[in-house]
file entry14.csv (CSV, C-alpha atoms and all ligand atoms)
chain,number,residue,atom,x,y,z
A,1,MET,CA,78.0,104.1,93.7
A,2,SER,CA,79.6,101.2,95.4
A,3,GLN,CA,82.6,101.8,97.6
A,4,PRO,CA,85.9,100.5,96.4
A,5,PRO,CA,87.0,97.5,98.4
A,6,TYR,CA,89.2,98.0,101.5
A,7,ILE,CA,92.8,97.0,101.0
A,8,GLY,CA,95.2,97.7,103.9
A,9,ARG,CA,98.8,96.8,104.5
A,10,PHE,CA,101.6,96.4,107.0
A,11,ALA,CA,104.9,97.5,105.7
A,12,PRO,CA,107.7,96.6,108.0
A,13,SER,CA,111.4,97.5,107.3
A,14,PRO,CA,113.4,94.3,107.9
A,15,THR,CA,115.8,95.9,110.3
A,16,GLY,CA,115.2,93.3,113.0
A,17,PRO,CA,112.5,91.0,114.3
A,18,LEU,CA,109.1,92.3,115.4
A,19,HIS,CA,109.1,93.9,118.9
A,20,ALA,CA,106.2,95.0,121.1
A,21,GLY,CA,105.8,98.3,119.2
A,22,SER,CA,105.9,96.9,115.7
A,23,LEU,CA,103.4,94.2,116.7
A,24,VAL,CA,100.9,96.9,117.6
A,25,ALA,CA,101.4,98.4,114.1
A,26,ALA,CA,100.8,94.9,112.5
A,27,LEU,CA,97.8,94.1,114.7
A,28,VAL,CA,96.1,97.5,114.2
A,29,SER,CA,96.4,97.4,110.4
A,30,TRP,CA,95.1,93.8,110.4
A,31,LEU,CA,92.2,94.6,112.7
A,32,ASP,CA,91.2,97.6,110.6
A,33,ALA,CA,91.2,95.5,107.4
A,34,ARG,CA,89.2,92.8,109.1
A,35,ALA,CA,86.7,95.3,110.6
A,36,HIS,CA,86.1,96.7,107.1
A,37,GLY,CA,85.7,93.2,105.6
A,38,GLY,CA,88.9,94.1,103.6
A,39,GLN,CA,92.1,92.5,102.5
A,40,TRP,CA,95.4,92.8,104.4
A,41,LEU,CA,98.7,92.8,102.6
A,42,VAL,CA,102.3,92.7,103.8
A,43,ARG,CA,105.1,94.6,102.1
A,44,ILE,CA,108.7,94.2,103.1
A,45,GLU,CA,110.3,97.6,102.9
A,46,ASP,CA,113.8,96.6,102.2
A,47,VAL,CA,114.9,99.4,99.9
A,48,ASP,CA,117.4,100.8,102.5
A,49,THR,CA,119.7,97.8,102.1
A,50,PRO,CA,122.4,99.0,104.5
A,51,ARG,CA,119.8,99.1,107.3
A,52,CYS,CA,118.3,95.6,106.5
A,53,VAL,CA,119.3,92.6,108.6
A,54,PRO,CA,119.7,89.4,106.7
A,55,GLY,CA,116.9,86.9,107.7
A,56,ALA,CA,114.8,89.6,109.4
A,57,ALA,CA,112.1,89.6,106.7
A,58,ASP,CA,111.6,85.8,107.2
A,59,THR,CA,111.6,86.2,110.9
A,60,ILE,CA,108.9,88.9,110.7
A,61,LEU,CA,106.7,86.8,108.5
A,62,GLN,CA,107.1,83.8,110.8
A,63,GLN,CA,106.2,86.0,113.8
A,64,LEU,CA,103.1,87.4,112.1
A,65,ALA,CA,102.1,83.8,111.2
A,66,SER,CA,102.5,82.7,114.8
A,67,CYS,CA,100.2,85.6,115.8
A,68,GLY,CA,97.6,84.5,113.3
A,69,LEU,CA,98.2,87.5,111.1
A,70,LEU,CA,98.3,86.0,107.7
A,71,PRO,CA,98.4,88.2,104.6
A,72,ASP,CA,95.8,87.8,101.9
A,73,ALA,CA,98.4,87.6,99.2
A,74,ALA,CA,102.1,86.8,98.9
A,75,PRO,CA,104.2,89.5,100.5
A,76,VAL,CA,106.0,91.9,98.1
A,77,TYR,CA,109.6,93.0,98.5
A,78,GLN,CA,110.6,96.6,97.6
A,79,SER,CA,114.1,95.4,96.7
A,80,GLN,CA,112.5,93.7,93.7
A,81,ARG,CA,110.5,96.6,92.5
A,82,GLY,CA,113.2,99.1,91.3
A,83,ALA,CA,111.8,99.1,87.8
A,84,LEU,CA,108.5,100.6,89.0
A,85,TYR,CA,110.3,103.3,91.0
A,86,LYS,CA,112.4,104.1,88.0
A,87,GLN,CA,109.4,104.5,85.8
A,88,ALA,CA,107.8,106.8,88.4
A,89,LEU,CA,111.0,108.9,88.6
A,90,ASN,CA,111.0,109.2,84.8
A,91,GLN,CA,107.4,110.3,84.8
A,92,LEU,CA,108.2,113.0,87.3
A,93,THR,CA,111.3,114.1,85.4
A,94,HIS,CA,109.4,114.4,82.1
A,95,ALA,CA,106.7,116.4,83.9
A,96,GLY,CA,109.4,118.8,85.2
A,97,LEU,CA,108.7,117.7,88.8
A,98,ALA,CA,112.0,115.9,89.5
A,99,TYR,CA,115.5,117.1,89.0
A,100,PRO,CA,119.1,115.9,89.6
A,101,CYS,CA,121.0,117.4,92.4
A,102,GLY,CA,124.7,117.6,92.7
A,103,CYS,CA,125.0,119.1,96.2
A,104,SER,CA,126.9,117.4,99.0
A,105,ARG,CA,125.9,118.0,102.6
A,106,GLN,CA,128.6,120.6,102.8
A,107,ASP,CA,127.4,122.4,99.6
A,108,ILE,CA,123.9,122.6,101.2
A,109,ALA,CA,125.3,123.9,104.5
A,110,THR,CA,127.4,126.5,102.7
A,111,ALA,CA,124.5,127.7,100.4
A,112,LEU,CA,122.3,128.1,103.5
A,113,ALA,CA,124.9,129.9,105.5
A,114,VAL,CA,125.5,132.4,102.6
A,115,SER,CA,121.8,133.1,102.2
A,116,GLY,CA,121.4,133.4,105.9
A,117,HIS,CA,118.4,131.1,105.8
A,118,ALA,CA,119.7,127.9,107.4
A,119,ARG,CA,116.6,125.9,108.5
A,120,GLU,CA,116.7,122.5,110.0
A,121,ARG,CA,114.1,119.9,110.4
A,122,HIS,CA,114.7,116.7,112.4
A,123,GLY,CA,118.4,117.4,112.3
A,124,GLU,CA,118.4,117.7,108.5
A,125,LEU,CA,119.1,121.0,106.6
A,126,ILE,CA,116.2,122.1,104.4
A,127,TYR,CA,117.4,122.0,100.9
A,128,PRO,CA,117.7,125.5,99.5
A,129,GLY,CA,116.9,124.5,95.9
A,130,THR,CA,120.3,125.2,94.5
A,131,CYS,CA,120.1,122.6,91.6
A,132,ARG,CA,116.6,123.6,90.6
A,133,ALA,CA,118.2,125.8,87.9
A,134,GLY,CA,120.6,123.1,86.8
A,135,LEU,CA,123.7,121.3,88.0
A,136,SER,CA,126.2,124.0,87.1
A,137,GLY,CA,128.7,121.5,86.0
A,138,LYS,CA,128.5,119.3,89.1
A,139,PRO,CA,127.8,115.6,88.6
A,140,ALA,CA,124.3,114.4,89.5
A,141,ARG,CA,124.2,112.7,92.9
A,142,ALA,CA,120.6,112.5,94.1
A,143,TRP,CA,117.2,113.2,92.5
A,144,ARG,CA,114.8,115.5,94.2
A,145,PHE,CA,111.1,116.3,93.9
A,146,LEU,CA,110.2,119.9,93.0
A,147,THR,CA,107.8,120.7,95.8
A,148,ALA,CA,106.7,124.1,94.4
A,149,GLU,CA,107.6,126.6,91.7
A,150,VAL,CA,109.3,129.7,93.1
A,151,GLY,CA,106.7,131.9,94.7
A,152,GLN,CA,104.1,129.1,95.0
A,153,ARG,CA,103.2,127.2,98.2
A,154,ALA,CA,102.9,123.4,98.3
A,155,GLU,CA,100.3,123.3,101.1
A,156,VAL,CA,98.7,119.9,101.6
A,157,THR,CA,95.7,119.3,103.8
A,158,TRP,CA,94.2,116.0,104.7
A,159,THR,CA,92.1,114.4,107.4
A,160,ASP,CA,93.5,111.7,109.4
A,161,ARG,CA,91.0,109.3,110.9
A,162,ARG,CA,92.4,109.7,114.4
A,163,LEU,CA,94.3,113.0,114.3
A,164,GLY,CA,91.7,115.0,112.4
A,165,PRO,CA,92.5,117.8,109.9
A,166,GLN,CA,96.2,118.1,109.1
A,167,THR,CA,98.1,120.7,107.1
A,168,GLN,CA,101.7,120.9,106.0
A,169,ASN,CA,103.4,123.3,103.7
A,170,VAL,CA,105.8,120.9,102.1
A,171,SER,CA,107.9,123.5,100.2
A,172,GLU,CA,108.5,125.5,103.4
A,173,GLN,CA,108.6,122.9,106.1
A,174,VAL,CA,110.3,120.1,104.3
A,175,GLY,CA,111.8,121.4,101.0
A,176,ASP,CA,112.6,119.6,97.8
A,177,PHE,CA,112.9,116.1,99.2
A,178,VAL,CA,115.0,113.2,97.8
A,179,LEU,CA,113.5,110.5,95.5
A,180,ARG,CA,116.7,108.7,94.7
A,181,ARG,CA,119.6,108.9,97.1
A,182,ALA,CA,123.2,109.8,96.2
A,183,ASP,CA,124.1,106.1,96.9
A,184,GLY,CA,121.6,105.1,94.2
A,185,LEU,CA,119.0,103.7,96.6
A,186,TRP,CA,115.4,104.6,96.2
A,187,ALA,CA,114.0,106.9,98.9
A,188,TYR,CA,111.2,105.6,101.1
A,189,GLN,CA,108.8,108.4,100.0
A,190,LEU,CA,108.8,107.4,96.3
A,191,ALA,CA,108.8,103.6,97.0
A,192,VAL,CA,105.9,103.8,99.4
A,193,VAL,CA,103.7,105.9,97.1
A,194,VAL,CA,104.4,103.8,94.0
A,195,ASP,CA,103.7,100.6,96.0
A,196,ASP,CA,100.6,101.8,97.8
A,197,ALA,CA,99.1,102.6,94.4
A,198,ALA,CA,100.3,99.5,92.7
A,199,GLN,CA,98.9,97.3,95.4
A,200,GLY,CA,95.6,99.2,95.4
A,201,ILE,CA,95.9,100.3,99.0
A,202,THR,CA,92.8,102.2,100.1
A,203,ASP,CA,93.7,102.6,103.8
A,204,VAL,CA,97.1,103.3,105.3
A,205,VAL,CA,97.1,102.4,109.0
A,206,ARG,CA,100.5,103.0,110.7
A,207,GLY,CA,102.2,104.5,113.7
A,208,GLU,CA,102.0,108.2,114.4
A,209,ASP,CA,105.7,108.7,114.0
A,210,LEU,CA,105.1,108.3,110.2
A,211,ALA,CA,102.2,110.9,110.1
A,212,ASP,CA,104.7,113.7,109.2
A,213,ASN,CA,105.5,111.9,105.8
A,214,THR,CA,101.9,112.0,104.7
A,215,ALA,CA,101.9,115.4,103.0
A,216,ARG,CA,105.0,114.5,101.0
A,217,GLN,CA,103.3,111.2,99.9
A,218,ILE,CA,100.1,113.0,98.9
A,219,LEU,CA,102.1,115.5,96.9
A,220,LEU,CA,103.8,112.7,95.1
A,221,GLN,CA,100.5,110.9,94.5
A,222,ARG,CA,99.1,114.0,92.9
A,223,ALA,CA,102.2,114.5,90.7
A,224,LEU,CA,102.0,110.9,89.5
A,225,GLY,CA,98.2,111.0,89.0
A,226,LEU,CA,97.6,108.3,91.7
A,227,PRO,CA,94.7,108.1,94.2
A,228,THR,CA,95.2,109.2,97.8
A,229,PRO,CA,94.3,106.5,100.4
A,230,ARG,CA,92.7,107.3,103.7
A,231,TYR,CA,95.1,107.6,106.6
A,232,LEU,CA,94.9,106.4,110.2
A,233,HIS,CA,97.9,107.1,112.4
A,234,THR,CA,97.9,105.2,115.7
A,235,PRO,CA,99.5,106.0,119.0
A,236,LEU,CA,103.0,104.8,119.5
A,237,VAL,CA,104.2,102.4,122.2
A,238,LEU,CA,106.5,104.3,124.5
A,239,ASP,CA,109.1,103.0,126.8
A,240,ALA,CA,109.5,104.0,130.4
A,241,ASP,CA,111.4,107.2,129.3
A,242,GLY,CA,108.7,108.2,127.0
A,243,GLU,CA,110.7,107.3,123.9
A,244,LYS,CA,109.2,105.4,121.0
A,245,LEU,CA,109.8,101.7,121.4
A,246,SER,CA,112.2,100.8,118.7
A,247,LYS,CA,115.1,98.5,118.0
A,248,GLN,CA,117.4,101.5,118.2
A,249,ASN,CA,116.5,102.0,121.8
A,250,GLY,CA,116.7,98.4,122.8
A,251,ALA,CA,113.2,97.0,122.3
A,252,GLN,CA,113.3,93.3,122.7
A,253,ALA,CA,112.5,90.9,119.9
A,254,LEU,CA,109.2,89.2,120.6
A,255,LEU,CA,109.6,85.6,121.7
A,256,LEU,CA,106.5,83.7,120.4
A,257,SER,CA,107.5,80.2,121.1
A,258,ASN,CA,104.2,78.9,122.5
A,259,SER,CA,100.5,79.8,122.6
A,260,PRO,CA,100.6,81.5,126.0
A,261,ALA,CA,103.5,83.7,124.8
A,262,VAL,CA,101.7,84.6,121.6
A,263,LEU,CA,98.5,85.5,123.5
A,264,ALA,CA,100.4,87.5,126.0
A,265,ALA,CA,102.2,89.5,123.3
A,266,LEU,CA,98.9,90.1,121.4
A,267,ASN,CA,97.1,91.1,124.7
A,268,ALA,CA,99.9,93.6,125.4
A,269,ALA,CA,99.5,95.0,121.8
A,270,ALA,CA,95.7,95.1,122.1
A,271,ALA,CA,96.0,97.0,125.4
A,272,CYS,CA,97.9,99.8,123.6
A,273,LEU,CA,95.0,100.1,121.2
A,274,ASN,CA,92.5,100.4,124.2
A,275,LEU,CA,91.1,96.9,123.5
A,276,PRO,CA,90.2,94.7,126.4
A,277,SER,CA,92.2,91.6,127.1
A,278,ALA,CA,90.9,88.5,125.3
A,279,SER,CA,91.0,84.9,126.2
A,280,GLY,CA,90.3,81.6,124.5
A,281,THR,CA,92.2,80.4,121.4
A,282,LEU,CA,94.2,82.7,119.2
A,283,THR,CA,91.5,82.7,116.6
A,284,GLU,CA,88.8,83.6,119.2
A,285,ALA,CA,91.0,86.4,120.7
A,286,LEU,CA,91.6,87.9,117.2
A,287,ALA,CA,87.8,87.7,116.4
A,288,GLN,CA,87.0,89.4,119.7
A,289,TRP,CA,89.3,92.3,119.0
A,290,ALA,CA,88.2,92.7,115.4
A,291,GLN,CA,84.6,93.0,116.7
A,292,ARG,CA,85.6,95.6,119.3
A,293,TRP,CA,87.7,97.5,116.8
A,294,THR,CA,84.7,97.6,114.4
A,295,ALA,CA,82.5,99.0,117.2
A,296,GLN,CA,85.2,101.5,118.3
A,297,TRP,CA,85.6,102.9,114.8
A,298,ALA,CA,82.1,102.4,113.4
A,299,LEU,CA,81.1,106.1,113.6
A,300,LYS,CA,84.5,107.5,112.6
A,301,SER,CA,84.8,105.1,109.7
A,302,SER,CA,81.5,105.8,108.1
A,303,GLY,CA,82.7,108.7,106.1
A,304,GLU,CA,84.1,108.7,102.6
A,305,ARG,CA,86.6,106.0,102.4
A,306,PHE,CA,88.7,106.8,99.4
A,307,HIS,CA,89.6,110.1,97.7
A,308,HIS,CA,90.8,110.4,94.2
A,309,SER,CA,93.1,113.3,93.6
A,310,PRO,CA,92.2,115.6,90.7
A,311,ALA,CA,93.9,114.2,87.6
B,401,LIG,N1,108.6,100.7,106.5
B,401,LIG,C1,108.1,101.8,107.4
B,401,LIG,C2,108.6,101.4,108.8
B,401,LIG,O1,108.8,100.2,109.1
B,401,LIG,C3,106.6,101.9,107.4
B,401,LIG,C4,106.2,102.6,106.2
B,401,LIG,C5,104.7,102.9,106.1
B,401,LIG,O2,103.9,102.2,106.8
B,401,LIG,O3,104.3,103.8,105.4
B,401,LIG,O4,108.6,102.3,109.6
call {"tool": "encode", "arguments": {"input": "entry14.csv", "output": "structure tokens"}}
result
Amino acid sequence: MSQPPYIGRFAPSPTGPLHAGSLVAALVSWLDARAHGGQWLVRIEDVDTPRCVPGAADTILQQLASCGLLPDAAPVYQSQRGALYKQALNQLTHAGLAYPCGCSRQDIATALAVSGHARERHGELIYPGTCRAGLSGKPARAWRFLTAEVGQRAEVTWTDRRLGPQTQNVSEQVGDFVLRRADGLWAYQLAVVVDDAAQGITDVVRGEDLADNTARQILLQRALGLPTPRYLHTPLVLDADGEKLSKQNGAQALLLSNSPAVLAALNAAAACLNLPSASGTLTEALAQWAQRWTAQWALKSSGERFHHSPA
């Protein structure tokens, strides 16, 4: 049987221009697609509108173009895809896998305090499932995914191409997570799953800070009858204090005004991926790295490329 084609993506949130860390994410997803003879798509993840910076999406696309990282199709914008997310939420609701939640943060804290089971994860309280049984007269605020029926466990295992076998019990470790927020915005988890499937993504290559979302995304894929792509989570670029390089902690926007600056930025990104520095023109440098990337991953990438979840 022939393998499905490789389709990869880079999915930046337009919260600011590319910096050294996000360039690594862009480069590695591009290299992996090229190394597999595949397509590379760009998706602008602008669902969280309050965090988006006007003009940042255009700046990112220009920065990618300056680096020779050109998508194989026109970029898609999540802000224009609400109808697809709505359809997916309806499908989940009809299947009894999504429910409206009327709880405020305070309601959640109180319910957890009363039950004596307050559990936190990344500073967020794990939802105790109060509205699973109905809203009890409260108005609906958010929509949540039912991670498991009472007494069941939503344990997800998958194999990351770099991190190896991974397991997460979503119902215990994360809880019923939000699909549509109280402010009406679509949650990242739902949008990313719908879009990865709609764009035919076979391989998700992204930073390791996102690895923790994978189990939730696989659960959603299964609930929606969508295929599960392969995952490769790459090392993060850390600053001198060991923090992830991000706009929040002051990462500088990349200045790519001339060819030496572009090559210097790409060489720095390549070094983070254990690739040797490259010289020559931009096209030559990208070709050298793509070749090295192929060699580096030839063995690890030879396994099954694409898994379909049981329907
Ligand atoms: N938009 C996310 C970010 O910029 C990436 C999402 C993904 O690759 O799944 O962090």
call {"tool": "closest_atom_pairs", "arguments": {"input": "entry14.csv", "of": "chain A", "to": "ligand LIG 401 (chain B)", "cutoff": "8 Å", "atoms": "all atoms listed in the file", "output": "Markdown table"}}
result
| residue | atom | partner | partner_atom | distance |
| --- | --- | --- | --- | --- |
| A:Arg9 | CA | B:LIG401 | O2 | 7.8 |
| A:Phe10 | CA | B:LIG401 | O2 | 6.2 |
| A:Ala11 | CA | B:LIG401 | O2 | 4.9 |
| A:Pro12 | CA | B:LIG401 | O1 | 3.9 |
| A:Ser13 | CA | B:LIG401 | O1 | 4.2 |
| A:Pro14 | CA | B:LIG401 | O1 | 7.6 |
| A:Ser22 | CA | B:LIG401 | O1 | 7.9 |
| A:Ile44 | CA | B:LIG401 | N1 | 7.3 |
| A:Glu45 | CA | B:LIG401 | N1 | 5.0 |
| A:Asp46 | CA | B:LIG401 | N1 | 7.9 |
| A:Tyr188 | CA | B:LIG401 | N1 | 7.7 |
| A:Val192 | CA | B:LIG401 | O3 | 6.2 |
| A:Val204 | CA | B:LIG401 | O2 | 7.0 |
| A:Val205 | CA | B:LIG401 | O2 | 7.1 |
| A:Arg206 | CA | B:LIG401 | O2 | 5.2 |
| A:Gly207 | CA | B:LIG401 | O2 | 7.5 |
| A:Leu210 | CA | B:LIG401 | O3 | 6.6 |
call {"tool": "atom_distance", "arguments": {"input": "entry14.csv", "atom1": "atom CA of A:Gln221", "atom2": "atom CA of A:Asp209"}}
result
20.3 Å
call {"tool": "closest_residue", "arguments": {"input": "entry14.csv", "among": "A:Leu23, A:Ala211, A:Leu219, A:Val28", "to": "A:Trp289", "atoms": "all atoms listed in the file"}}
result
A:Val28
call {"tool": "residues_around", "arguments": {"input": "entry14.csv", "residues": "A:Leu273", "least_positions_apart": "3", "cutoff": "12 Å", "atoms": "all atoms listed in the file", "output": "mmCIF file with C-alpha atoms, in the frame of the given file"}}
result
data_model
loop_
_atom_site.group_PDB
_atom_site.id
_atom_site.type_symbol
_atom_site.label_atom_id
_atom_site.label_comp_id
_atom_site.auth_asym_id
_atom_site.auth_seq_id
_atom_site.Cartn_x
_atom_site.Cartn_y
_atom_site.Cartn_z
ATOM 1 C CA GLY A 21 105.800 98.300 119.200
ATOM 2 C CA LEU A 23 103.400 94.200 116.700
ATOM 3 C CA VAL A 24 100.900 96.900 117.600
ATOM 4 C CA ALA A 25 101.400 98.400 114.100
ATOM 5 C CA ALA A 26 100.800 94.900 112.500
ATOM 6 C CA LEU A 27 97.800 94.100 114.700
ATOM 7 C CA VAL A 28 96.100 97.500 114.200
ATOM 8 C CA SER A 29 96.400 97.400 110.400
ATOM 9 C CA LEU A 31 92.200 94.600 112.700
ATOM 10 C CA ASP A 32 91.200 97.600 110.600
ATOM 11 C CA GLY A 207 102.200 104.500 113.700
ATOM 12 C CA HIS A 233 97.900 107.100 112.400
ATOM 13 C CA THR A 234 97.900 105.200 115.700
ATOM 14 C CA PRO A 235 99.500 106.000 119.000
ATOM 15 C CA LEU A 236 103.000 104.800 119.500
ATOM 16 C CA VAL A 237 104.200 102.400 122.200
ATOM 17 C CA LEU A 266 98.900 90.100 121.400
ATOM 18 C CA ASN A 267 97.100 91.100 124.700
ATOM 19 C CA ALA A 268 99.900 93.600 125.400
ATOM 20 C CA ALA A 269 99.500 95.000 121.800
ATOM 21 C CA ALA A 270 95.700 95.100 122.100
ATOM 22 C CA PRO A 276 90.200 94.700 126.400
ATOM 23 C CA SER A 277 92.200 91.600 127.100
ATOM 24 C CA TRP A 289 89.300 92.300 119.000
ATOM 25 C CA ALA A 290 88.200 92.700 115.400
ATOM 26 C CA ARG A 292 85.600 95.600 119.300
ATOM 27 C CA TRP A 293 87.700 97.500 116.800
ATOM 28 C CA GLN A 296 85.200 101.500 118.300
ATOM 29 C CA TRP A 297 85.600 102.900 114.800
#
call {"tool": "atom_distance", "arguments": {"input": "entry14.csv", "atom1": "atom CA of A:Leu254", "atom2": "atom CA of A:Leu18"}}
result
6.1 Å
call {"tool": "closest_residue", "arguments": {"input": "entry14.csv", "among": "A:Ala191, A:Leu163, A:Leu220, A:Cys103", "to": "A:Thr147", "atoms": "all atoms listed in the file"}}
result
A:Leu220
call {"tool": "closest_atom_pairs", "arguments": {"input": "entry14.csv", "of": "stretch 153-189 of chain A", "to": "stretch 77-82 of chain A", "cutoff": "12 Å", "atoms": "all atoms listed in the file", "output": "CSV"}}
result
residue,atom,partner,partner_atom,distance
A:Arg180,CA,A:Gly82,CA,10.8
A:Gly184,CA,A:Gly82,CA,10.7
A:Leu185,CA,A:Gly82,CA,9.1
A:Trp186,CA,A:Gly82,CA,7.7
A:Ala187,CA,A:Gly82,CA,10.9
A:Tyr188,CA,A:Gln78,CA,9.7
call {"tool": "residues_around", "arguments": {"input": "entry14.csv", "residues": "A:Asn258", "least_positions_apart": "4", "cutoff": "12 Å", "atoms": "only C-alpha atoms", "output": "list of chain:residue names"}}
result
A:Gln63, A:Ser66, A:Cys67, A:Leu254, A:Val262, A:Leu263, A:Ala264, A:Ala265, A:Leu282
call {"tool": "write_last_selection", "arguments": {"input": "entry14.csv", "atoms": "C-alpha atoms", "output": "CSV table (one decimal), in the coordinates of the input"}}
result
chain,number,residue,atom,x,y,z
A,63,GLN,CA,106.2,86.0,113.8
A,66,SER,CA,102.5,82.7,114.8
A,67,CYS,CA,100.2,85.6,115.8
A,254,LEU,CA,109.2,89.2,120.6
A,262,VAL,CA,101.7,84.6,121.6
A,263,LEU,CA,98.5,85.5,123.5
A,264,ALA,CA,100.4,87.5,126.0
A,265,ALA,CA,102.2,89.5,123.3
A,282,LEU,CA,94.2,82.7,119.2
call {"tool": "build_atoms", "arguments": {"input": "entry14.csv", "residues": "stretch 162-174 of chain A", "atoms": "N, CA and C atoms", "output": "compact mmCIF listing (two decimals), in the frame of the given file"}}
result
# COMPACT_ATOMS: atom_id res chain seq x y z
N ARG A 162 92.26 109.56 112.93
CA ARG A 162 92.40 109.70 114.40
C ARG A 162 92.82 111.16 114.75
N LEU A 163 93.76 111.70 113.97
CA LEU A 163 94.30 113.00 114.30
C LEU A 163 93.51 114.17 113.82
N GLY A 164 92.56 113.88 112.92
CA GLY A 164 91.70 115.00 112.40
C GLY A 164 92.42 115.73 111.29
N PRO A 165 91.96 116.98 111.03
CA PRO A 165 92.50 117.80 109.90
C PRO A 165 94.01 118.08 110.13
N GLN A 166 94.78 117.91 109.09
CA GLN A 166 96.20 118.10 109.10
C GLN A 166 96.63 119.03 107.99
N THR A 167 97.60 119.88 108.21
CA THR A 167 98.10 120.70 107.10
C THR A 167 99.63 120.76 107.20
N GLN A 168 100.26 120.68 106.07
CA GLN A 168 101.70 120.90 106.00
C GLN A 168 102.07 121.60 104.76
N ASN A 169 102.87 122.62 104.91
CA ASN A 169 103.40 123.30 103.70
C ASN A 169 104.72 122.62 103.38
N VAL A 170 104.68 121.76 102.40
CA VAL A 170 105.80 120.90 102.10
C VAL A 170 107.03 121.73 101.63
N SER A 171 106.77 122.70 100.78
CA SER A 171 107.90 123.50 100.20
C SER A 171 108.61 124.24 101.36
N GLU A 172 107.84 124.77 102.31
CA GLU A 172 108.50 125.50 103.40
C GLU A 172 108.99 124.68 104.51
N GLN A 173 108.21 123.66 104.89
CA GLN A 173 108.60 122.90 106.10
C GLN A 173 109.52 121.74 105.81
N VAL A 174 109.51 121.25 104.58
CA VAL A 174 110.30 120.10 104.30
C VAL A 174 111.35 120.41 103.15
